[in-house]
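Heads up, target-v4.cif below (mmCIF, C-alpha atoms and all ligand atoms):
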```cif
data_target
loop_
_atom_site.label_atom_id
_atom_site.label_comp_id
_atom_site.auth_asym_id
_atom_site.auth_seq_id
_atom_site.Cartn_x
_atom_site.Cartn_y
_atom_site.Cartn_z
CA MET A 1 -20.93 -17.43 -3.18
CA THR A 2 -18.81 -18.13 -0.07
CA ALA A 3 -19.06 -16.10 3.14
CA SER A 4 -15.85 -14.29 2.26
CA GLY A 5 -14.23 -13.37 -1.04
CA ASN A 6 -12.18 -15.70 -3.15
CA LEU A 7 -9.00 -13.67 -3.62
CA ASP A 8 -6.53 -11.48 -1.75
CA VAL A 9 -4.33 -9.13 -3.77
CA VAL A 10 -1.05 -7.47 -2.79
CA VAL A 11 0.30 -4.82 -5.14
CA GLY A 12 3.95 -3.88 -4.66
CA ALA A 13 4.57 -7.33 -3.25
CA GLY A 14 8.32 -6.74 -3.37
CA SER A 15 7.90 -4.44 -0.36
CA ALA A 16 9.17 -5.93 2.88
CA ILE A 17 5.81 -5.28 4.53
CA GLY A 18 3.87 -6.72 1.57
CA ARG A 19 6.04 -9.83 1.51
CA ALA A 20 5.52 -10.45 5.23
CA LEU A 21 1.79 -9.93 4.79
CA ILE A 22 1.59 -12.51 2.01
CA GLN A 23 3.54 -15.01 4.09
CA ARG A 24 1.21 -14.39 7.02
CA TRP A 25 -1.95 -14.74 4.94
CA HIS A 26 -0.62 -17.86 3.27
CA ALA A 27 0.06 -19.47 6.65
CA ALA A 28 -3.40 -18.58 7.95
CA SER A 29 -5.71 -19.59 5.10
CA GLU A 30 -5.95 -21.36 1.78
CA ARG A 31 -7.52 -18.41 0.02
CA PRO A 32 -5.56 -17.68 -3.17
CA ILE A 33 -3.33 -14.61 -3.12
CA LEU A 34 -2.27 -12.62 -6.16
CA ALA A 35 1.11 -10.91 -5.72
CA LEU A 36 2.20 -8.21 -8.15
CA ALA A 37 5.65 -6.66 -8.36
CA ARG A 38 7.97 -5.04 -10.87
CA SER A 39 10.80 -7.54 -10.77
CA PRO A 40 11.04 -11.33 -10.97
CA SER A 41 13.47 -11.34 -8.02
CA SER A 42 10.79 -9.75 -5.80
CA LEU A 43 8.40 -12.56 -6.68
CA GLU A 44 10.87 -15.44 -6.18
CA ALA A 45 10.16 -15.49 -2.44
CA PHE A 46 6.63 -16.72 -3.18
CA ALA A 47 7.58 -19.66 -5.39
CA PRO A 48 7.29 -22.19 -2.53
CA LEU A 49 3.89 -20.82 -1.45
CA GLY A 50 1.30 -22.87 -3.32
CA ALA A 51 -1.65 -20.51 -2.99
CA VAL A 52 0.29 -17.47 -4.20
CA ARG A 53 -0.02 -16.58 -7.87
CA THR A 54 2.60 -14.10 -8.98
CA GLN A 55 2.42 -11.56 -11.75
CA LEU A 56 5.02 -9.13 -13.04
CA CYS A 57 3.62 -5.62 -13.34
CA ASP A 58 5.31 -2.42 -14.47
CA TYR A 59 2.29 -0.38 -13.33
CA GLY A 60 1.86 0.96 -16.88
CA ASP A 61 -1.63 1.46 -18.29
CA ALA A 62 -1.46 -1.72 -20.39
CA ALA A 63 -0.42 -3.90 -17.43
CA LEU A 64 -3.12 -2.45 -15.18
CA GLU A 65 -5.79 -2.88 -17.85
CA ARG A 66 -4.70 -6.49 -18.37
CA LEU A 67 -4.85 -7.15 -14.64
CA ALA A 68 -8.33 -5.67 -14.31
CA LYS A 69 -9.56 -7.63 -17.33
CA GLU A 70 -8.21 -10.89 -15.93
CA LEU A 71 -9.83 -10.34 -12.55
CA ARG A 72 -13.13 -9.41 -14.17
CA GLU A 73 -13.06 -12.45 -16.43
CA GLU A 74 -12.24 -14.72 -13.49
CA GLN A 75 -15.13 -13.09 -11.62
CA SER A 76 -12.77 -12.47 -8.73
CA ASP A 77 -14.39 -11.52 -5.45
CA VAL A 78 -11.59 -9.56 -3.81
CA GLU A 79 -11.63 -9.94 -0.05
CA ARG A 80 -8.50 -7.87 0.69
CA LEU A 81 -6.44 -5.57 -1.50
CA VAL A 82 -3.27 -4.00 -0.12
CA ILE A 83 -1.26 -1.50 -2.17
CA CYS A 84 2.26 -1.11 -0.82
CA ASN A 85 4.10 1.04 -3.35
CA GLY A 86 6.13 3.90 -1.92
CA VAL A 87 9.59 5.47 -2.01
CA LEU A 88 11.35 7.84 0.33
CA GLN A 89 14.67 8.16 -1.44
CA GLY A 90 16.41 6.79 -4.50
CA GLU A 91 19.33 7.19 -6.83
CA GLY A 92 20.45 10.81 -6.62
CA TYR A 93 17.76 12.02 -4.24
CA ARG A 94 17.04 11.99 -0.53
CA PRO A 95 14.21 13.46 1.58
CA GLU A 96 14.64 17.23 1.44
CA ARG A 97 15.54 19.12 4.61
CA ALA A 98 15.15 22.59 3.10
CA LEU A 99 13.43 24.35 0.22
CA ASN A 100 16.74 24.77 -1.62
CA GLN A 101 16.97 20.98 -1.95
CA LEU A 102 13.78 20.65 -4.02
CA ASP A 103 14.46 18.96 -7.35
CA LEU A 104 11.75 18.61 -9.96
CA SER A 105 12.79 15.23 -11.26
CA ALA A 106 12.99 13.74 -7.73
CA MET A 107 9.62 15.27 -6.87
CA HIS A 108 8.10 13.71 -9.98
CA THR A 109 9.45 10.29 -9.07
CA VAL A 110 8.26 10.41 -5.47
CA PHE A 111 4.80 11.68 -6.39
CA GLU A 112 4.49 9.14 -9.16
CA VAL A 113 5.33 6.13 -6.98
CA ASN A 114 3.63 7.29 -3.78
CA ALA A 115 0.48 8.95 -5.07
CA PHE A 116 -0.11 8.34 -8.78
CA THR A 117 0.70 4.62 -8.92
CA PRO A 118 -1.56 3.57 -6.00
CA MET A 119 -4.40 5.71 -7.39
CA ARG A 120 -4.01 4.27 -10.88
CA VAL A 121 -4.09 0.74 -9.45
CA LEU A 122 -7.24 1.63 -7.53
CA ALA A 123 -8.81 3.18 -10.62
CA ALA A 124 -8.05 0.10 -12.71
CA LEU A 125 -9.49 -2.22 -10.07
CA ALA A 126 -12.58 -0.13 -9.23
CA PRO A 127 -14.87 -2.30 -11.43
CA VAL A 128 -13.55 -5.41 -9.65
CA LEU A 129 -14.11 -3.80 -6.23
CA LYS A 130 -17.59 -2.79 -7.35
CA ARG A 131 -18.61 -6.39 -7.94
CA SER A 132 -16.71 -7.89 -4.97
CA ARG A 133 -18.86 -8.72 -1.98
CA ALA A 134 -17.14 -6.80 0.81
CA PRO A 135 -13.63 -5.79 -0.26
CA ARG A 136 -11.25 -4.33 2.32
CA VAL A 137 -8.68 -2.08 0.73
CA ALA A 138 -5.58 -0.69 2.46
CA VAL A 139 -3.18 1.70 0.78
CA LEU A 140 0.10 2.23 2.57
CA SER A 141 0.29 5.92 3.32
CA ALA A 142 2.35 7.35 6.21
CA ARG A 143 1.82 9.43 9.32
CA VAL A 144 4.10 12.08 7.83
CA GLY A 145 1.40 12.65 5.20
CA SER A 146 -0.70 14.25 7.94
CA ILE A 147 -0.81 18.04 7.62
CA GLY A 148 -1.99 18.45 11.22
CA ASP A 149 0.79 16.23 12.53
CA ASN A 150 3.59 18.01 10.65
CA LEU A 151 5.53 19.66 13.46
CA LEU A 152 9.04 19.10 12.13
CA GLY A 153 8.82 20.17 8.48
CA GLY A 154 11.15 18.87 5.76
CA TRP A 155 10.61 15.73 3.66
CA TYR A 156 8.69 17.89 1.18
CA SER A 157 8.19 15.31 -1.56
CA TYR A 158 7.44 12.35 0.68
CA ARG A 159 5.09 14.31 2.94
CA GLY A 160 3.46 16.05 -0.02
CA SER A 161 2.98 12.84 -2.00
CA LYS A 162 1.41 11.01 0.93
CA ALA A 163 -0.87 13.99 1.69
CA ALA A 164 -1.89 14.00 -2.00
CA LEU A 165 -2.48 10.26 -1.80
CA ASN A 166 -4.68 10.73 1.27
CA MET A 167 -6.77 13.40 -0.46
CA MET A 168 -7.28 11.27 -3.56
CA LEU A 169 -8.15 8.26 -1.39
CA LYS A 170 -10.72 10.42 0.39
CA SER A 171 -12.42 11.10 -2.95
CA ALA A 172 -12.12 7.45 -3.93
CA ALA A 173 -13.81 6.38 -0.68
CA LEU A 174 -16.76 8.68 -1.40
CA GLU A 175 -17.03 7.27 -4.92
CA LEU A 176 -16.65 3.70 -3.70
CA ARG A 177 -19.50 4.27 -1.24
CA ARG A 178 -21.81 4.60 -4.25
CA LEU A 179 -20.24 1.76 -6.22
CA ASN A 180 -20.19 -0.73 -3.35
CA PRO A 181 -21.45 0.30 0.10
CA SER A 182 -19.88 -2.82 1.63
CA ALA A 183 -16.35 -1.78 0.61
CA THR A 184 -13.88 -0.29 3.08
CA LEU A 185 -10.92 1.92 2.26
CA LEU A 186 -7.99 2.64 4.55
CA ALA A 187 -5.03 5.01 4.32
CA TYR A 188 -2.61 3.23 6.60
CA HIS A 189 0.51 4.12 8.57
CA PRO A 190 2.40 0.87 9.23
CA GLY A 191 4.63 2.29 11.98
CA THR A 192 8.37 2.66 11.53
CA VAL A 193 9.27 -0.68 10.05
CA ASP A 194 12.68 -2.21 9.49
CA THR A 195 12.68 -2.24 5.68
CA PRO A 196 14.96 -0.95 2.89
CA LEU A 197 12.82 2.22 2.79
CA SER A 198 13.49 3.19 6.40
CA LYS A 199 16.99 1.72 6.80
CA PRO A 200 18.93 4.95 6.07
CA PHE A 201 17.12 6.65 8.97
CA HIS A 202 17.45 4.00 11.65
CA GLU A 203 20.00 5.95 13.69
CA THR A 204 17.27 8.46 14.52
CA VAL A 205 14.75 5.77 15.51
CA ASN A 206 14.39 4.32 19.01
CA PRO A 207 15.13 0.59 18.40
CA GLU A 208 12.25 -0.30 20.70
CA THR A 209 9.78 1.39 18.37
CA LEU A 210 11.15 -0.18 15.17
CA LEU A 211 8.77 -2.91 14.00
CA THR A 212 9.87 -6.02 12.14
CA PRO A 213 8.07 -6.53 8.82
CA GLU A 214 6.37 -9.57 10.39
CA ARG A 215 5.06 -7.49 13.32
CA ALA A 216 3.97 -4.79 10.86
CA ALA A 217 2.11 -7.40 8.81
CA GLU A 218 0.40 -8.73 11.92
CA ALA A 219 -0.71 -5.21 12.86
CA LEU A 220 -1.97 -4.43 9.35
CA ASP A 221 -3.85 -7.70 9.25
CA GLY A 222 -5.55 -6.85 12.56
CA VAL A 223 -6.46 -3.29 11.59
CA LEU A 224 -7.81 -4.44 8.23
CA ALA A 225 -9.90 -7.15 9.91
CA GLY A 226 -11.42 -4.61 12.30
CA LEU A 227 -12.56 -2.17 9.60
CA MET A 228 -16.29 -1.61 9.27
CA PRO A 229 -17.78 -0.12 6.10
CA ALA A 230 -18.28 3.53 7.03
CA GLY A 231 -18.64 5.05 3.58
CA GLU A 232 -15.58 7.19 4.09
CA LEU A 233 -11.82 6.91 4.25
CA SER A 234 -10.18 5.75 7.48
CA TYR A 235 -6.68 7.09 8.24
CA LEU A 236 -5.27 4.78 10.89
CA ASP A 237 -1.93 3.75 12.28
CA TRP A 238 -0.67 0.29 13.14
CA ARG A 239 -2.29 0.45 16.58
CA GLY A 240 -5.64 1.16 14.92
CA GLU A 241 -5.53 4.76 16.18
CA VAL A 242 -6.94 7.60 14.10
CA ILE A 243 -4.35 9.97 12.57
CA PRO A 244 -5.43 13.62 12.17
CA TRP A 245 -5.63 14.82 8.58
N1 LIG B 301 9.07 1.25 6.39
C1 LIG B 301 8.51 2.24 7.08
O1 LIG B 301 8.98 2.61 8.18
C2 LIG B 301 7.29 2.94 6.54
C3 LIG B 301 6.71 3.96 7.31
C4 LIG B 301 5.58 4.62 6.83
C5 LIG B 301 5.05 4.26 5.61
N2 LIG B 301 5.63 3.26 4.88
C6 LIG B 301 5.04 2.92 3.57
O2 LIG B 301 4.87 1.53 3.48
C7 LIG B 301 4.95 1.14 2.09
C8 LIG B 301 5.84 -0.08 1.94
O3 LIG B 301 7.14 0.31 2.31
P1 LIG B 301 8.31 -0.67 2.78
O4 LIG B 301 8.86 -0.07 4.01
O5 LIG B 301 7.82 -2.08 2.79
O6 LIG B 301 9.34 -0.40 1.61
P2 LIG B 301 10.15 -1.28 0.60
O7 LIG B 301 10.43 -2.65 1.12
O8 LIG B 301 11.30 -0.42 0.19
O9 LIG B 301 9.10 -1.42 -0.65
C9 LIG B 301 9.03 -0.48 -1.66
C10 LIG B 301 7.70 -0.56 -2.39
O10 LIG B 301 7.64 0.49 -3.33
C11 LIG B 301 7.45 -0.02 -4.64
N3 LIG B 301 8.26 0.75 -5.58
C12 LIG B 301 9.55 1.17 -5.42
N4 LIG B 301 9.94 1.86 -6.52
C13 LIG B 301 8.87 1.85 -7.37
C14 LIG B 301 8.66 2.39 -8.68
N5 LIG B 301 9.59 3.06 -9.32
N6 LIG B 301 7.44 2.20 -9.24
C15 LIG B 301 6.46 1.52 -8.61
N7 LIG B 301 6.62 0.97 -7.37
C16 LIG B 301 7.82 1.14 -6.77
C17 LIG B 301 7.87 -1.48 -4.59
O11 LIG B 301 7.10 -2.14 -5.59
P3 LIG B 301 7.53 -3.56 -6.24
O12 LIG B 301 7.16 -4.58 -5.24
O13 LIG B 301 6.72 -3.64 -7.48
O14 LIG B 301 8.99 -3.47 -6.48
C18 LIG B 301 7.47 -1.85 -3.17
O15 LIG B 301 6.09 -2.12 -3.12
C19 LIG B 301 5.39 2.39 1.32
O16 LIG B 301 4.27 2.98 0.72
C20 LIG B 301 5.94 3.29 2.41
O17 LIG B 301 5.84 4.67 2.07
C21 LIG B 301 6.74 2.60 5.31
#
```

Reformat the file's structure so that it appears as structure tokens.
Amino acid sequence: MTASGNLDVVVGAGSAIGRALIQRWHAASERPILALARSPSSLEAFAPLGAVRTQLCDYGDAALERLAKELREEQSDVERLVICNGVLQGEGYRPERALNQLDLSAMHTVFEVNAFTPMRVLAALAPVLKRSRAPRVAVLSARVGSIGDNLLGGWYSYRGSKAALNMMLKSAALELRRLNPSATLLAYHPGTVDTPLSKPFHETVNPETLLTPERAAEALDGVLAGLMPAGELSYLDWRGEVIPW
């Protein structure tokens, strides 16, 4: 077996941050990368990148089972896994400013994409992470998922879903410690990044603090590289600084 794993995986590769990360990894090494996304148009960007294998994925049980089976059969040794999925707003819903804006269907959607989907991906891939040599796993959370850091209120569904994600990742890290003590798990805040997700809120952001997806990918790459297996979940921002729970 080589000194490092034989595969990097990006789930939610249609995300602006995920796409920039894949391009960065592809430029830096020849290690194969598996990119998963819901739509063919999200995967088109990777067609010219020889080492990137693309796979459509609707994040349903059947697709996740198929993915896990393939990786097990290929005896993949995952070096890095980054799960990018997340929504802040969508058709007919926006981040809530007050309790009277809570809407059950919107809450379901946001919790499903932000908390349930990443956890189901992680659950499906747990056997692969178990047998990988030293997998580094980052799940894109957000600073606004911090309960201690919530001084402004609002954004009930987004904040709540990311806090739920963090809690479930905490349990997963404790379980992963038993499955593979060399694994690392990170709940990650990428900064405020210029992507479709953040675009509607740019007028409230200091332009000097808005990261390009390429800068965000560079920061994520650096933080991921610096992780040491600690047997518990790290909750870090793009500067590598600890975020309070
Ligand atoms: N941009 C920021 O300022 C910022 C700040 C803090 C945290 N984050 C987090 O960073 C992550 C990436 O965000 P981004 O800014 O790169 O956003 P983006 O470009 O809008 O990407 C959206 C991501 O969410 C996934 N997604 C959207 N709808 C989905 C659905 N119905 N089911 C499953 N997956 C769905 C997409 O998956 P496909 O590729 O499969 O389409 C894609 O991975 C998110 O988790 C976000 O919460 C971003």

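Remark: for A:Val128, the closest of the candidate residues A:His108, A:Arg97, A:Arg215, A:Arg72 is A:Arg72 (distances computed over only C-alpha atoms).
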
>> Could you list, as a PyMOL selection string, all protein and nucleic acid residues with an atom at most 7 Å from ligand LIG 301 (chain B), counting only C-alpha atoms and all ligand atoms?
In response: chain A and resi 11-18+36-39+42+57+59+84-88+113-114+117+140-143+189-198

>> One decimal, in Å: what's the spacing between atom CA of A:Arg53 and atom CA of A:Ile22?
In response: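 For atom CA of A:Arg53 relative to atom CA of A:Ile22, the distance reads 10.8 Å.
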
> With only C-alpha atoms as the atoms that count, which of A:Thr184, A:Gln101, A:Gln89, A:Ser29 lies nearest to A:Phe201?
Replying inline: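 Using only C-alpha atoms, the shortest distance to A:Phe201 belongs to A:Gln89.
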
>> I need the residue nearest A:Gln75 from this list: A:Gly154, A:Gly90, A:Pro48, A:Pro127. Use only C-alpha atoms for the distance.
In response: A:Pro127

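The space separating atom CA of A:Thr109 from atom CA of A:Leu151 comes to 24.7 Å.
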
>> Could you tell me how far atom CA of A:His26 sits from atom CA of A:Glu44, in Å to one decimal place?
In response: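 Between atom CA of A:Glu44 and atom CA of A:His26 the gap is 15.1 Å.
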
> Counting all atoms listed in the file, what is within 10 Å of A:Met228, bar same-chain residues fewer than 6 positions away, as a PyMOL selection string?
Replying inline: chain A and resi 134+136+182-185+234

Take the residues just selected and output them with C-alpha atoms as a PDB file, keeping the file's coordinate frame.
```pdb
ATOM      1  CA  ALA A 134     -17.140  -6.800   0.810  1.00  0.00           C
ATOM      2  CA  ARG A 136     -11.250  -4.330   2.320  1.00  0.00           C
ATOM      3  CA  SER A 182     -19.880  -2.820   1.630  1.00  0.00           C
ATOM      4  CA  ALA A 183     -16.350  -1.780   0.610  1.00  0.00           C
ATOM      5  CA  THR A 184     -13.880  -0.290   3.080  1.00  0.00           C
ATOM      6  CA  LEU A 185     -10.920   1.920   2.260  1.00  0.00           C
ATOM      7  CA  SER A 234     -10.180   5.750   7.480  1.00  0.00           C
TER       8      SER A 234
END
```

> Between A:Ser157, A:Val9, A:Ala123, A:Ala45, which one has atoms that come closest to A:Arg94, using all atoms listed in the file?
Replying inline: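 The closest residue to A:Arg94 is A:Ser157.
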
> Of the residues A:Ser105, A:Gly222, A:Leu233, A:Lys199, which is the one nearest to A:Ser171, using all atoms listed in the file?
Replying inline: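 Checking each of A:Ser105, A:Gly222, A:Leu233, A:Lys199 against A:Ser171, counting all atoms listed in the file, the winner is A:Leu233.
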
>> Neighbouring residues of A:Pro135 were defined as those with any atom within 10 Å, considering all atoms listed in the file; residues of the same chain fewer than 6 positions away were excluded. Please report them as a count of residues only.
In response: 18

>> I'd like to know which of A:Gly50, A:Pro40, A:Pro118, A:Pro200 is closest to A:Met168, using all atoms listed in the file.
In response: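 Closest to A:Met168, using all atoms listed in the file: A:Pro118.
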
Contacts of A:Met107 at 9 Å or less, counting all atoms listed in the file, minus same-chain residues fewer than 6 places along, as an mmCIF file with C-alpha atoms, in the coordinates of the input?
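Result file is part-v1.cif:
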```cif
data_model
loop_
_atom_site.group_PDB
_atom_site.id
_atom_site.type_symbol
_atom_site.label_atom_id
_atom_site.label_comp_id
_atom_site.auth_asym_id
_atom_site.auth_seq_id
_atom_site.Cartn_x
_atom_site.Cartn_y
_atom_site.Cartn_z
ATOM 1 C CA TYR A 156 8.690 17.890 1.180
ATOM 2 C CA SER A 157 8.190 15.310 -1.560
ATOM 3 C CA TYR A 158 7.440 12.350 0.680
ATOM 4 C CA SER A 161 2.980 12.840 -2.000
#
```
